[in-house]
>>> print(open('target-v1.cif').read())   # mmCIF, C-alpha atoms
data_entry
loop_
_atom_site.group_PDB
_atom_site.id
_atom_site.type_symbol
_atom_site.label_atom_id
_atom_site.label_comp_id
_atom_site.auth_asym_id
_atom_site.auth_seq_id
_atom_site.Cartn_x
_atom_site.Cartn_y
_atom_site.Cartn_z
ATOM 1 C CA MET A 1 120.620 -120.334 57.384
ATOM 2 C CA ALA A 2 121.521 -124.024 57.704
ATOM 3 C CA VAL A 3 123.891 -125.563 55.190
ATOM 4 C CA SER A 4 122.398 -128.107 52.766
ATOM 5 C CA THR A 5 122.880 -131.822 53.346
ATOM 6 C CA SER A 6 124.916 -132.219 50.152
ATOM 7 C CA VAL A 7 127.408 -129.607 51.368
ATOM 8 C CA LEU A 8 127.683 -131.414 54.719
ATOM 9 C CA TRP A 9 128.520 -134.664 52.932
ATOM 10 C CA LEU A 10 131.131 -132.828 50.869
ATOM 11 C CA LEU A 11 132.694 -131.394 54.027
ATOM 12 C CA LEU A 12 132.808 -134.847 55.581
ATOM 13 C CA PHE A 13 134.522 -136.230 52.489
ATOM 14 C CA ILE A 14 137.092 -133.429 52.617
ATOM 15 C CA VAL A 15 138.002 -133.990 56.280
ATOM 16 C CA VAL A 16 138.355 -137.744 55.695
ATOM 17 C CA VAL A 17 140.703 -137.131 52.764
ATOM 18 C CA LEU A 18 142.731 -134.632 54.804
ATOM 19 C CA ALA A 19 143.067 -137.130 57.662
ATOM 20 C CA LEU A 20 144.301 -139.829 55.284
ATOM 21 C CA LEU A 21 146.750 -137.377 53.723
ATOM 22 C CA LEU A 22 148.055 -136.522 57.193
ATOM 23 C CA ALA A 23 148.501 -140.227 57.900
ATOM 24 C CA ALA A 24 150.548 -140.526 54.706
ATOM 25 C CA PHE A 25 152.543 -137.384 55.537
ATOM 26 C CA THR A 26 153.514 -138.777 58.944
ATOM 27 C CA HIS A 27 154.677 -142.008 57.271
ATOM 28 C CA THR A 28 152.399 -144.119 59.444
ATOM 29 C CA ASN A 29 152.983 -147.762 58.563
ATOM 30 C CA PHE A 30 149.656 -149.542 58.068
ATOM 31 C CA THR A 31 150.294 -153.266 58.271
ATOM 32 C CA THR A 32 147.496 -155.800 57.887
ATOM 33 C CA ARG A 33 147.587 -156.423 61.633
ATOM 34 C CA LYS A 34 147.366 -152.733 62.440
ATOM 35 C CA ILE A 35 144.487 -152.155 60.010
ATOM 36 C CA ALA A 36 142.623 -155.051 61.624
ATOM 37 C CA LEU A 37 143.127 -153.575 65.104
ATOM 38 C CA ILE A 38 141.997 -150.148 63.890
ATOM 39 C CA GLY A 39 138.852 -151.770 62.502
ATOM 40 C CA VAL A 40 138.170 -153.567 65.788
ATOM 41 C CA MET A 41 138.636 -150.348 67.797
ATOM 42 C CA ALA A 42 136.418 -148.412 65.370
ATOM 43 C CA ALA A 43 133.704 -151.054 65.762
ATOM 44 C CA LEU A 44 133.996 -150.947 69.549
ATOM 45 C CA SER A 45 133.773 -147.138 69.475
ATOM 46 C CA PHE A 46 130.595 -147.423 67.428
ATOM 47 C CA VAL A 47 129.064 -150.009 69.772
ATOM 48 C CA ALA A 48 130.033 -148.094 72.927
ATOM 49 C CA TYR A 49 128.403 -144.957 71.551
ATOM 50 C CA GLU A 50 125.295 -146.535 70.090
ATOM 51 C CA PHE A 51 124.355 -148.824 72.961
ATOM 52 C CA PHE A 52 125.913 -147.309 76.085
ATOM 53 C CA ARG A 53 124.967 -143.646 76.134
ATOM 54 C CA ILE A 54 122.515 -141.082 77.458
ATOM 55 C CA PRO A 55 121.589 -139.026 74.375
ATOM 56 C CA ASN A 56 120.836 -135.347 73.787
ATOM 57 C CA ILE A 57 121.614 -133.901 77.231
ATOM 58 C CA LEU A 58 119.367 -130.850 77.845
ATOM 59 C CA GLY A 59 118.576 -130.729 74.144
ATOM 60 C CA SER A 60 122.181 -129.812 73.287
ATOM 61 C CA GLY A 61 122.874 -132.761 70.981
ATOM 62 C CA SER A 62 125.691 -133.873 73.318
ATOM 63 C CA SER A 63 125.568 -137.303 74.946
ATOM 64 C CA PHE A 64 127.108 -139.115 77.872
ATOM 65 C CA HIS A 65 128.925 -142.064 76.269
ATOM 66 C CA LEU A 66 132.066 -144.217 76.374
ATOM 67 C CA GLY A 67 132.912 -144.150 72.657
ATOM 68 C CA ASN A 68 136.084 -142.128 73.218
ATOM 69 C CA THR A 69 137.482 -144.976 75.334
ATOM 70 C CA PHE A 70 138.495 -146.949 72.254
ATOM 71 C CA THR A 71 139.936 -143.937 70.454
ATOM 72 C CA VAL A 72 142.312 -143.551 73.382
ATOM 73 C CA LEU A 73 142.947 -147.275 73.728
ATOM 74 C CA ALA A 74 143.889 -147.570 70.045
ATOM 75 C CA ALA A 75 146.267 -144.620 70.383
ATOM 76 C CA LEU A 76 147.932 -146.206 73.424
ATOM 77 C CA LEU A 77 148.241 -149.643 71.848
ATOM 78 C CA LEU A 78 149.215 -148.486 68.340
ATOM 79 C CA ASP A 79 149.970 -144.820 67.620
ATOM 80 C CA GLY A 80 148.235 -141.461 67.435
ATOM 81 C CA VAL A 81 147.196 -141.599 63.780
ATOM 82 C CA SER A 82 145.786 -145.116 64.153
ATOM 83 C CA GLY A 83 143.893 -144.167 67.298
ATOM 84 C CA GLY A 84 142.570 -141.039 65.657
ATOM 85 C CA LEU A 85 141.356 -142.938 62.606
ATOM 86 C CA ALA A 86 139.717 -145.644 64.751
ATOM 87 C CA GLY A 87 137.716 -143.123 66.755
ATOM 88 C CA ALA A 88 137.030 -140.852 63.793
ATOM 89 C CA PHE A 89 135.611 -143.576 61.584
ATOM 90 C CA GLY A 90 133.754 -145.413 64.352
ATOM 91 C CA LEU A 91 132.050 -142.397 65.910
ATOM 92 C CA ALA A 92 131.476 -140.496 62.667
ATOM 93 C CA LEU A 93 129.751 -143.630 61.379
ATOM 94 C CA ALA A 94 127.509 -143.542 64.448
ATOM 95 C CA ASP A 95 126.479 -139.987 63.524
ATOM 96 C CA ILE A 96 125.872 -141.011 59.917
ATOM 97 C CA VAL A 97 123.687 -143.940 61.006
ATOM 98 C CA ALA A 98 121.746 -141.462 63.145
ATOM 99 C CA GLY A 99 121.266 -139.286 60.031
ATOM 100 C CA ASP A 100 123.518 -136.438 61.223
ATOM 101 C CA PRO A 101 126.242 -135.749 58.606
ATOM 102 C CA GLY A 102 126.774 -132.305 60.139
ATOM 103 C CA TYR A 103 127.732 -133.853 63.469
ATOM 104 C CA ALA A 104 129.826 -136.452 61.625
ATOM 105 C CA VAL A 105 132.043 -133.694 60.184
ATOM 106 C CA THR A 106 133.065 -132.294 63.571
ATOM 107 C CA THR A 107 133.078 -135.734 65.196
ATOM 108 C CA PHE A 108 135.636 -136.985 62.682
ATOM 109 C CA VAL A 109 137.912 -133.995 63.319
ATOM 110 C CA LEU A 110 137.549 -134.115 67.107
ATOM 111 C CA LYS A 111 138.213 -137.835 67.482
ATOM 112 C CA PHE A 112 141.191 -137.637 65.149
ATOM 113 C CA ILE A 113 142.632 -134.883 67.353
ATOM 114 C CA ILE A 114 142.068 -137.016 70.491
ATOM 115 C CA GLY A 115 144.009 -139.880 68.949
ATOM 116 C CA LEU A 116 146.846 -137.674 67.728
ATOM 117 C CA VAL A 117 147.327 -136.004 71.108
ATOM 118 C CA CYS A 118 147.114 -139.249 73.098
ATOM 119 C CA GLY A 119 149.501 -141.006 70.757
ATOM 120 C CA SER A 120 151.997 -138.142 70.775
ATOM 121 C CA VAL A 121 152.069 -137.917 74.566
ATOM 122 C CA ALA A 122 152.203 -141.700 75.013
ATOM 123 C CA HIS A 123 154.829 -142.564 72.419
ATOM 124 C CA LYS A 124 156.743 -139.375 71.630
ATOM 125 C CA ILE A 125 156.966 -137.775 75.085
ATOM 126 C CA LEU A 126 156.536 -140.535 77.686
ATOM 127 C CA HIS A 127 157.694 -143.443 75.482
ATOM 128 C CA LEU A 128 155.023 -145.674 76.936
ATOM 129 C CA ASN A 129 155.671 -148.461 74.437
ATOM 130 C CA THR A 130 159.198 -148.993 75.785
ATOM 131 C CA MET A 131 158.389 -148.452 79.460
ATOM 132 C CA GLU A 132 158.218 -151.627 81.512
ATOM 133 C CA GLU A 133 156.140 -151.573 84.709
ATOM 134 C CA ARG A 134 158.558 -153.797 86.585
ATOM 135 C CA HIS A 135 161.432 -151.410 85.841
ATOM 136 C CA ALA A 136 159.685 -148.038 86.092
ATOM 137 C CA GLY A 137 157.647 -148.922 89.167
ATOM 138 C CA ARG A 138 153.879 -149.382 89.288
ATOM 139 C CA ALA A 139 153.102 -145.835 90.410
ATOM 140 C CA LYS A 140 155.215 -144.220 87.685
ATOM 141 C CA TYR A 141 153.881 -146.580 85.035
ATOM 142 C CA LEU A 142 150.247 -146.037 86.034
ATOM 143 C CA THR A 143 150.796 -142.268 86.054
ATOM 144 C CA ALA A 144 152.292 -142.396 82.559
ATOM 145 C CA VAL A 145 149.359 -144.436 81.223
ATOM 146 C CA THR A 146 146.802 -142.133 82.872
ATOM 147 C CA VAL A 147 148.467 -138.922 81.675
ATOM 148 C CA SER A 148 148.714 -140.332 78.152
ATOM 149 C CA ALA A 149 145.060 -141.368 78.130
ATOM 150 C CA PHE A 150 143.740 -138.128 79.585
ATOM 151 C CA SER A 151 145.871 -135.817 77.421
ATOM 152 C CA GLY A 152 143.776 -136.078 74.269
ATOM 153 C CA LEU A 153 140.509 -136.156 76.194
ATOM 154 C CA PHE A 154 141.529 -133.042 78.117
ATOM 155 C CA VAL A 155 142.153 -131.221 74.841
ATOM 156 C CA ASN A 156 138.742 -132.432 73.686
ATOM 157 C CA VAL A 157 137.081 -130.642 76.623
ATOM 158 C CA PHE A 158 138.006 -127.396 74.852
ATOM 159 C CA THR A 159 137.944 -128.371 71.173
ATOM 160 C CA ASP A 160 134.518 -130.058 71.331
ATOM 161 C CA PRO A 161 132.517 -126.997 72.452
ATOM 162 C CA PHE A 162 134.708 -124.736 70.287
ATOM 163 C CA LEU A 163 134.069 -126.628 67.054
ATOM 164 C CA GLY A 164 130.536 -127.359 68.194
ATOM 165 C CA TYR A 165 129.809 -123.648 68.434
ATOM 166 C CA PHE A 166 130.902 -123.008 64.848
ATOM 167 C CA ARG A 167 129.086 -126.121 63.624
ATOM 168 C CA ASN A 168 125.838 -125.053 65.272
ATOM 169 C CA ARG A 169 126.267 -121.443 64.214
ATOM 170 C CA TYR A 170 127.328 -121.809 60.592
ATOM 171 C CA LEU A 171 126.312 -125.323 59.527
ATOM 172 C CA PHE A 172 123.041 -125.596 61.428
ATOM 173 C CA GLY A 173 122.157 -121.891 61.372
ATOM 174 C CA GLN A 174 121.593 -121.434 65.113
ATOM 175 C CA THR A 175 121.566 -117.984 66.692
ATOM 176 C CA VAL A 176 124.626 -116.754 68.607
ATOM 177 C CA GLU A 177 122.788 -117.089 71.919
ATOM 178 C CA LEU A 178 121.626 -120.647 71.281
ATOM 179 C CA ALA A 179 124.979 -121.798 69.894
ATOM 180 C CA SER A 180 126.762 -120.318 72.926
ATOM 181 C CA ALA A 181 124.366 -122.028 75.342
ATOM 182 C CA MET A 182 124.816 -125.373 73.579
ATOM 183 C CA ALA A 183 128.603 -124.960 73.723
ATOM 184 C CA GLY A 184 128.423 -124.383 77.483
ATOM 185 C CA ILE A 185 126.398 -127.557 78.023
ATOM 186 C CA SER A 186 128.705 -129.483 75.702
ATOM 187 C CA SER A 187 131.743 -128.439 77.729
ATOM 188 C CA GLY A 188 130.338 -129.952 80.930
ATOM 189 C CA VAL A 189 129.165 -133.135 79.224
ATOM 190 C CA THR A 190 132.520 -133.562 77.488
ATOM 191 C CA LEU A 191 134.390 -133.225 80.782
ATOM 192 C CA VAL A 192 132.333 -136.025 82.342
ATOM 193 C CA ASN A 193 132.824 -138.187 79.234
ATOM 194 C CA SER A 194 136.564 -137.525 79.365
ATOM 195 C CA LEU A 195 136.910 -138.617 82.989
ATOM 196 C CA LEU A 196 134.860 -141.782 82.441
ATOM 197 C CA SER A 197 136.659 -142.660 79.213
ATOM 198 C CA THR A 198 140.067 -142.113 80.819
ATOM 199 C CA ALA A 199 139.265 -144.530 83.643
ATOM 200 C CA CYS A 200 137.961 -147.157 81.204
ATOM 201 C CA ALA A 201 140.848 -146.758 78.747
ATOM 202 C CA VAL A 202 143.488 -147.036 81.474
ATOM 203 C CA GLY A 203 141.867 -150.156 82.921
ATOM 204 C CA LEU A 204 141.552 -151.817 79.523
ATOM 205 C CA TYR A 205 145.100 -150.913 78.525
ATOM 206 C CA LEU A 206 146.617 -152.369 81.704
ATOM 207 C CA VAL A 207 144.798 -155.646 81.030
ATOM 208 C CA LEU A 208 145.081 -155.851 77.239
ATOM 209 C CA TYR A 209 148.580 -154.567 76.515
ATOM 210 C CA PRO A 210 150.486 -157.390 78.281
ATOM 211 C CA ALA A 211 148.162 -160.007 76.785
ATOM 212 C CA LEU A 212 148.350 -158.620 73.239
ATOM 213 C CA LYS A 213 152.100 -158.166 73.512
ATOM 214 C CA LYS A 214 152.601 -161.725 74.734
ATOM 215 C CA ALA A 215 150.408 -163.031 71.909
ATOM 216 C CA ARG A 216 152.398 -160.898 69.450
ATOM 217 C CA LEU A 217 149.236 -159.224 68.196
ATOM 218 C CA LEU A 218 150.633 -155.702 68.406
ATOM 219 C CA PRO A 219 152.626 -154.340 65.449
ATOM 220 C CA GLY A 220 156.318 -154.592 66.244
ATOM 221 C CA ALA A 221 155.705 -156.151 69.664
ATOM 222 C CA HIS A 222 157.819 -159.028 70.886
ATOM 223 C CA PRO A 223 156.633 -161.609 73.362
ATOM 224 C CA ALA A 224 157.228 -160.741 76.998
ATOM 225 C CA ARG A 225 160.021 -162.655 78.696
#
>>> encode(input="target-v1.cif", output="structure tokens")
Amino acid sequence: MAVSTSVLWLLLFIVVVLALLLAAFTHTNFTTRKIALIGVMAALSFVAYEFFRIPNILGSGSSFHLGNTFTVLAALLLDGVSGGLAGAFGLALADIVAGDPGYAVTTFVLKFIIGLVCGSVAHKILHLNTMEERHAGRAKYLTAVTVSAFSGLFVNVFTDPFLGYFRNRYLFGQTVELASAMAGISSGVTLVNSLLSTACAVGLYLVLYPALKKARLLPGAHPAR
């Protein structure tokens, strides 16, 4: 039996609160500049999903879209929590506008995970924010950016159908067979989305990061010399 709409809204509220608590727990510093950039990336995620997508592939509810591009881009430019919040709010809002609070619940969680993973790989493991292309070499730098961008999206290839199965099964009341079939379709669609979003995010980052850094629009960034 499908869960009532009021319960779905409650679940969405809970996951939003948990995400904000996690942001506080990680001591993420939200400056005015960073909040503005998160808002811009959330808006771009929303626009990329709403206006540049092929919806409901094979009736699965999954879509080909580029919304994840700006989740990744925000994580690369800022940090994992900020990227996660940008994608979570932007793409969950797209589901809400479409009248799908059930999808918004899992969307918020999934996009937050993408941002966290991308940000962790980029800034904690590869230290992308301190890596200079002219010192590291173009090939090494491009590899670091690509690996960072794809890391969270690669995880999403598995988490999206996994959470989608439980959403369809227990929130929407689908049968085991139907939920399993939808998860299989979702896995393929998510892989294609991940590859496209990685290419777009890498291209945008390589263009925007030097410009934003030079203009001192990134938190903590100093102008390039």
>>> resolve_selection(input="target-v1.cif", expression="the PyMOL selection byres ((chain A and resi 87-92) around 6)", output="VMD selection string")
chain A and resid 42 to 43 45 to 46 71 84 to 86 93 to 95 104 107 to 108 111 to 112
>>> atom_distance(input="target-v1.cif", atom1="CA of Gly173 in chain A", atom2="CA of Val3 in chain A")
7.4 Å
>>> resolve_selection(input="target-v1.cif", expression="the PyMOL selection byres ((chain A and resi 65) around 8)", output="JSON, numbers by chain")
{"A": [48, 49, 52, 53, 54, 63, 64, 66, 67, 68, 193]}
>>> closest_residue(input="target-v1.cif", among="A:Ala75, A:Val97, A:Leu44, A:Val81", to="His27 in chain A", atoms="only C-alpha atoms")
A:Val81
>>> residues_around(input="target-v1.cif", residues="range 180-190 of chain A", least_positions_apart="3", cutoff="12 Å", atoms="only C-alpha atoms", output="number ranges by chain")
A: 53-68, 110, 152-169, 174-177, 193-198
>>> resolve_selection(input="target-v1.cif", expression="the PyMOL selection byres ((chain A and resi 201) around 8)", output="list in words")
Thr69, Phe70, Val72, Leu73, Ala149, Ser197, Thr198, Ala199, Cys200, Val202, Gly203, Leu204 and Tyr205 of chain A
>>> atom_distance(input="target-v1.cif", atom1="CA of Leu76 in chain A", atom2="CA of Tyr103 in chain A")
25.7 Å
>>> residues_around(input="target-v1.cif", residues="Ala36 in chain A", least_positions_apart="4", cutoff="12 Å", atoms="only C-alpha atoms", output="PDB file with C-alpha atoms, in the coordinates of the input")
ATOM      1  CA  PHE A  30     149.656-149.542  58.068  1.00  0.00           C
ATOM      2  CA  THR A  31     150.294-153.266  58.271  1.00  0.00           C
ATOM      3  CA  THR A  32     147.496-155.800  57.887  1.00  0.00           C
ATOM      4  CA  VAL A  40     138.170-153.567  65.788  1.00  0.00           C
ATOM      5  CA  MET A  41     138.636-150.348  67.797  1.00  0.00           C
ATOM      6  CA  ALA A  42     136.418-148.412  65.370  1.00  0.00           C
ATOM      7  CA  ALA A  43     133.704-151.054  65.762  1.00  0.00           C
ATOM      8  CA  ALA A  74     143.889-147.570  70.045  1.00  0.00           C
ATOM      9  CA  LEU A  78     149.215-148.486  68.340  1.00  0.00           C
ATOM     10  CA  SER A  82     145.786-145.116  64.153  1.00  0.00           C
ATOM     11  CA  ALA A  86     139.717-145.644  64.751  1.00  0.00           C
ATOM     12  CA  LEU A 217     149.236-159.224  68.196  1.00  0.00           C
ATOM     13  CA  LEU A 218     150.633-155.702  68.406  1.00  0.00           C
ATOM     14  CA  PRO A 219     152.626-154.340  65.449  1.00  0.00           C
TER      15      PRO A 219
END
>>> closest_residue(input="target-v1.cif", among="A:Val17, A:Val192, A:Leu206, A:Leu12", to="Arg138 in chain A", atoms="all atoms listed in the file")
A:Leu206
>>> closest_residue(input="target-v1.cif", among="A:Gly39, A:Asp100, A:Tyr141, A:Phe150", to="Val121 in chain A", atoms="all atoms listed in the file")
A:Phe150
>>> closest_residue(input="target-v1.cif", among="A:Ile113, A:Cys118, A:Ala139, A:Leu77", to="Ala211 in chain A", atoms="only C-alpha atoms")
A:Leu77
>>> atom_distance(input="target-v1.cif", atom1="CA of Arg33 in chain A", atom2="CA of Leu208 in chain A")
15.8 Å
>>> axis_aligned_box(input="target-v1.cif", around="range 204-215 of chain A", padding_each_side="5 Å", output="AutoDock Vina command-line options")
--center_x 147.1 --center_y -157.0 --center_z 76.8 --size_x 21.0 --size_y 22.1 --size_z 19.8
